[in-house]
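Below you'll find the structure, written out as structure tokens, and then a few comments.
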Amino acid sequence: MSNKQASFYQSVDRNFEKAAAFTKHPKGLLEQIKVCNAVYQMNFPVKIGSTYQVIEAYRVQHSHHRLPTKGGIRFSHLVNSEEVKALATLMTYKCALVDVPFGGAKGGVRISPREYTPEQLEKITRRYTVELVRKNFIGPGVDVPAPDYGTGAREMAWILDTYQQLRNGELDSAACVTGKPVAQNGINGRTEATGRGVFYGLREFFNYPEDCKKVGMKPGIEGKTMVIQGLGNVGYYTGAISIEEGGVKVIGVSELEGTIYSEEGIDIVKLGKYRKETGSILNFPGTKTLANRDDWVSMECDILVPAALESQINKSNAKKVKAKIIAEAANGPVTADAELILLAKGIVIIPDMYLNAGGVTVSYFEWLKNLSHVRYGRIEKRFDQNSYVNIVSAVEKLTGKSIGMKEKNFLTRGADEVDLVRSGLEETMVEAYRQIRETYKRKKNVTDLRTAAFITAINKVASDYLALGVFP
Ligand code: NAD
């Protein structure tokens, strides 16, 4: 192994090649699946204060085998062409794996959002959207962005508004972007979807005694310890939901300002509020601070959750990992070189393309909602509720006993939008894990979940291309 670190894009490529070797698809088809179909780099001027700044930005559509393409938009000073290509590529496999019928895409704007006021960010976001519209790189049937690192519902609302100004009267225009505020054609449950999906994925892993045995652990997620890097959208909801619904104990949290820990467990919801008020996680009551921020990697725990950026676990620090499981909430947090070291140590990596697919899954539900112009549950909720009331009344009549009010309300409840979104997300994560396991068990020499996930995804994309008749 040389001293040079594999880049994010190289790591994705290496993972692809490793998995492709287990398939029997023709070389040309594999090449078509691998490459990025369209790369758009733009530079546009935006007036910030009294000067003009030239902003570098990207939109990459990795695969047109299904349309629209789909993927988030990242605001970070680290954005570059290779990074956006790697992220777009991962989106194709992610969508295929969880049966979301989109090609992969990703966008990036090379800015550090913290250095701009909300008004300046709005200007940049709107100008970026204009560039996308001009080149036909956005639209409900073309390419549908969503939030990613450094962006959220607010930016998606600006994108929607700009798009609708330019495409006045387009019936399905609300479906041009997902992750919007609920009041702006968004969907209940999208904000926390990625973190919730991470939780469902982890819970599924712990539901299989055979899988737990590999890392010497007892089945069941309850009581497992977790360390999280990055308390942003994905890290926050992964922690909060894992604690509340899984009984997990979060014993360490790392952010830009430092890493805190507590053997007693850290209340993530309270920590989130504390960080909003003080601007930092440091000195959160009941916690201590590590001398070196980056030592979160070597903390003793069951589950290590990198939820910040790519390449955080690399050749330089992989040896130090003491966790039994790495849950890839971020995209590409483990480099291909680090993965070799971790697998040799017997550590299980639950791969990004599966584990953080909750965001795109619920984005898909939002897109469907926008196209159908109706909120989930609106049509059937009352009907279901009335039917359940009739059933409960019949049971009461037949037994001569009456059910208490609290139980009755619980039993007769019809599903709201958020209930249906969660149910769809849970089903997606459970089913995708089952598919990865099936590949893992079927392919003799496959020894890790990432390769199994890649093979599953490549086969699905390949079968789409073959059905198109492009590769006879
Ligand atoms: P975010 O901007 O909301 O949060 C990221 C957090 O990581 C920030 O709070 C930031 O301060 C912190 N961070 C950055 N560098 C760090 C470091 N060196 N040490 C500790 N903390 C650090 O971003 P997000 O949306 O939560 O995305 C995080 C990751 O998850 C990215 O890799 C993204 O591509 C991936 N992802 C996001 C979504 C989504 O729906 N938002 C979906 C799938 C995957």
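Residue numbering restarts at 1 for every chain of the structure tokens, chains are lettered A, B, ... in their displayed order, and ligands are numbered from 1 as they appear.
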Report as JSON lines the residues of chain A within 6 Å of ligand 1, each with its shortest atom pair and distance in Å (one decimal), using only C-alpha atoms and all ligand atoms, ordered by chain and increasing residue number.
{"residue": "A:Pro147", "atom": "CA", "partner": "ligand 1", "partner_atom_place_in_ligand_line": "41 (N)", "distance": 5.3}
{"residue": "A:Asp148", "atom": "CA", "partner": "ligand 1", "partner_atom_place_in_ligand_line": "41 (N)", "distance": 4.1}
{"residue": "A:Tyr149", "atom": "CA", "partner": "ligand 1", "partner_atom_place_in_ligand_line": "23 (O)", "distance": 3.4}
{"residue": "A:Gly150", "atom": "CA", "partner": "ligand 1", "partner_atom_place_in_ligand_line": "2 (O)", "distance": 3.8}
{"residue": "A:Thr194", "atom": "CA", "partner": "ligand 1", "partner_atom_place_in_ligand_line": "40 (O)", "distance": 5.1}
{"residue": "A:Gln229", "atom": "CA", "partner": "ligand 1", "partner_atom_place_in_ligand_line": "20 (C)", "distance": 5.1}
{"residue": "A:Gly230", "atom": "CA", "partner": "ligand 1", "partner_atom_place_in_ligand_line": "7 (O)", "distance": 3.6}
{"residue": "A:Leu231", "atom": "CA", "partner": "ligand 1", "partner_atom_place_in_ligand_line": "9 (O)", "distance": 4.7}
{"residue": "A:Gly232", "atom": "CA", "partner": "ligand 1", "partner_atom_place_in_ligand_line": "4 (O)", "distance": 3.1}
{"residue": "A:Asn233", "atom": "CA", "partner": "ligand 1", "partner_atom_place_in_ligand_line": "26 (O)", "distance": 3.7}
{"residue": "A:Val234", "atom": "CA", "partner": "ligand 1", "partner_atom_place_in_ligand_line": "26 (O)", "distance": 3.8}
{"residue": "A:Gly235", "atom": "CA", "partner": "ligand 1", "partner_atom_place_in_ligand_line": "26 (O)", "distance": 5.8}
{"residue": "A:Ser254", "atom": "CA", "partner": "ligand 1", "partner_atom_place_in_ligand_line": "20 (C)", "distance": 4.9}
{"residue": "A:Glu255", "atom": "CA", "partner": "ligand 1", "partner_atom_place_in_ligand_line": "20 (C)", "distance": 3.5}
{"residue": "A:Leu256", "atom": "CA", "partner": "ligand 1", "partner_atom_place_in_ligand_line": "20 (C)", "distance": 4.4}
{"residue": "A:Ala307", "atom": "CA", "partner": "ligand 1", "partner_atom_place_in_ligand_line": "29 (C)", "distance": 4.9}
{"residue": "A:Ala308", "atom": "CA", "partner": "ligand 1", "partner_atom_place_in_ligand_line": "7 (O)", "distance": 3.8}
{"residue": "A:Leu309", "atom": "CA", "partner": "ligand 1", "partner_atom_place_in_ligand_line": "32 (O)", "distance": 4.3}
{"residue": "A:Glu310", "atom": "CA", "partner": "ligand 1", "partner_atom_place_in_ligand_line": "32 (O)", "distance": 5.9}
{"residue": "A:Ala329", "atom": "CA", "partner": "ligand 1", "partner_atom_place_in_ligand_line": "30 (O)", "distance": 5.7}
{"residue": "A:Ala330", "atom": "CA", "partner": "ligand 1", "partner_atom_place_in_ligand_line": "32 (O)", "distance": 3.5}
{"residue": "A:Asn331", "atom": "CA", "partner": "ligand 1", "partner_atom_place_in_ligand_line": "32 (O)", "distance": 4.1}
{"residue": "A:Asn356", "atom": "CA", "partner": "ligand 1", "partner_atom_place_in_ligand_line": "43 (C)", "distance": 4.8}
{"residue": "A:Gly359", "atom": "CA", "partner": "ligand 1", "partner_atom_place_in_ligand_line": "40 (O)", "distance": 4.4}
Store the residues of this selection in a file with N, CA, C and O atoms, as a tab-separated table (two decimals), in the first residue's frame.
chain	number	residue	atom	x	y	z
A	147	PRO	N	-31.82	18.22	-0.24
A	147	PRO	CA	-30.77	18.72	0.66
A	147	PRO	C	-29.59	17.75	0.79
A	147	PRO	O	-29.75	16.55	0.60
A	148	ASP	N	-28.45	18.29	1.10
A	148	ASP	CA	-27.28	17.49	1.48
A	148	ASP	C	-26.48	18.35	2.47
A	148	ASP	O	-27.01	19.33	3.01
A	149	TYR	N	-25.25	18.00	2.67
A	149	TYR	CA	-24.37	18.71	3.61
A	149	TYR	C	-24.44	20.23	3.35
A	149	TYR	O	-24.22	20.68	2.23
A	150	GLY	N	-24.77	20.98	4.38
A	150	GLY	CA	-24.76	22.44	4.28
A	150	GLY	C	-26.04	23.05	3.71
A	150	GLY	O	-26.13	24.27	3.57
A	194	THR	N	-33.33	10.63	6.78
A	194	THR	CA	-32.05	9.92	6.63
A	194	THR	C	-31.64	9.30	7.96
A	194	THR	O	-31.28	8.11	8.02
A	229	GLN	N	-20.01	11.15	14.78
A	229	GLN	CA	-19.24	12.30	14.28
A	229	GLN	C	-20.15	13.16	13.41
A	229	GLN	O	-20.67	12.69	12.40
A	230	GLY	N	-20.36	14.42	13.80
A	230	GLY	CA	-21.21	15.32	13.02
A	230	GLY	C	-22.62	15.35	13.58
A	230	GLY	O	-23.34	14.36	13.49
A	231	LEU	N	-22.98	16.49	14.20
A	231	LEU	CA	-24.33	16.61	14.76
A	231	LEU	C	-25.19	17.50	13.86
A	231	LEU	O	-25.86	18.41	14.32
A	232	GLY	N	-25.14	17.23	12.57
A	232	GLY	CA	-25.98	17.95	11.62
A	232	GLY	C	-27.28	17.20	11.45
A	232	GLY	O	-27.71	16.46	12.33
A	233	ASN	N	-27.90	17.35	10.31
A	233	ASN	CA	-29.20	16.72	10.08
A	233	ASN	C	-29.13	15.21	10.31
A	233	ASN	O	-29.89	14.65	11.11
A	234	VAL	N	-28.21	14.54	9.66
A	234	VAL	CA	-28.17	13.07	9.71
A	234	VAL	C	-27.72	12.57	11.09
A	234	VAL	O	-28.34	11.68	11.67
A	235	GLY	N	-26.65	13.16	11.61
A	235	GLY	CA	-26.12	12.71	12.90
A	235	GLY	C	-27.11	12.95	14.03
A	235	GLY	O	-27.31	12.08	14.89
A	254	SER	N	-18.86	14.05	18.26
A	254	SER	CA	-17.78	14.89	17.76
A	254	SER	C	-18.34	15.94	16.81
A	254	SER	O	-19.17	15.62	15.95
A	255	GLU	N	-17.93	17.16	17.00
A	255	GLU	CA	-18.30	18.25	16.07
A	255	GLU	C	-17.04	19.06	15.74
A	255	GLU	O	-15.95	18.75	16.25
A	256	LEU	N	-17.17	20.08	14.92
A	256	LEU	CA	-16.01	20.86	14.51
A	256	LEU	C	-15.26	21.44	15.71
A	256	LEU	O	-14.03	21.49	15.73
A	307	ALA	N	-21.04	10.79	10.50
A	307	ALA	CA	-22.20	11.45	9.88
A	307	ALA	C	-21.81	12.87	9.46
A	307	ALA	O	-22.62	13.79	9.57
A	308	ALA	N	-20.55	13.05	9.02
A	308	ALA	CA	-20.12	14.39	8.62
A	308	ALA	C	-19.78	14.43	7.13
A	308	ALA	O	-20.60	14.84	6.31
A	309	LEU	N	-18.58	13.95	6.80
A	309	LEU	CA	-18.13	14.05	5.41
A	309	LEU	C	-17.39	12.77	5.00
A	309	LEU	O	-17.16	11.89	5.82
A	310	GLU	N	-16.98	12.73	3.75
A	310	GLU	CA	-16.27	11.56	3.25
A	310	GLU	C	-14.83	11.47	3.79
A	310	GLU	O	-14.30	12.45	4.31
A	329	ALA	N	-23.38	6.65	8.04
A	329	ALA	CA	-24.48	7.59	7.86
A	329	ALA	C	-24.11	8.64	6.81
A	329	ALA	O	-24.94	9.07	6.02
A	330	ALA	N	-22.84	9.04	6.80
A	330	ALA	CA	-22.36	9.98	5.77
A	330	ALA	C	-22.10	9.21	4.47
A	330	ALA	O	-22.10	7.97	4.47
A	331	ASN	N	-21.86	9.94	3.40
A	331	ASN	CA	-21.47	9.30	2.14
A	331	ASN	C	-19.96	9.16	2.09
A	331	ASN	O	-19.24	10.14	2.30
A	356	ASN	N	-27.79	5.20	4.43
A	356	ASN	CA	-28.34	6.56	4.43
A	356	ASN	C	-29.34	6.79	3.29
A	356	ASN	O	-29.61	7.92	2.90
A	359	GLY	N	-33.13	9.19	3.12
A	359	GLY	CA	-33.41	10.53	2.60
A	359	GLY	C	-34.00	10.47	1.20
A	359	GLY	O	-35.05	11.05	0.93
Contacts of Arg437 of chain A at 9 Å (only C-alpha atoms; same-chain gap of 6+ positions) as a list of chain:residue names =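 Here the qualifying residues turn out to be A:Leu449, A:Ala452, A:Ala453.
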Backbone DSSP call of alpha helix (DSSP H) for segment 26-207 of chain A, listed as number ranges by chain = A: 27-34, 81-97, 118-134, 153-166, 193-207
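With distances restricted to only C-alpha atoms, A:Phe44 is the closest residue to Tyr128 of chain A from A:Phe205, A:Phe44, A:Phe8, A:Phe199.
Shortest atom-to-atom contact with Asp99 of chain A among A:Phe137, A:Ala291, A:Ile187, A:Arg66: A:Arg66, counting only C-alpha atoms.
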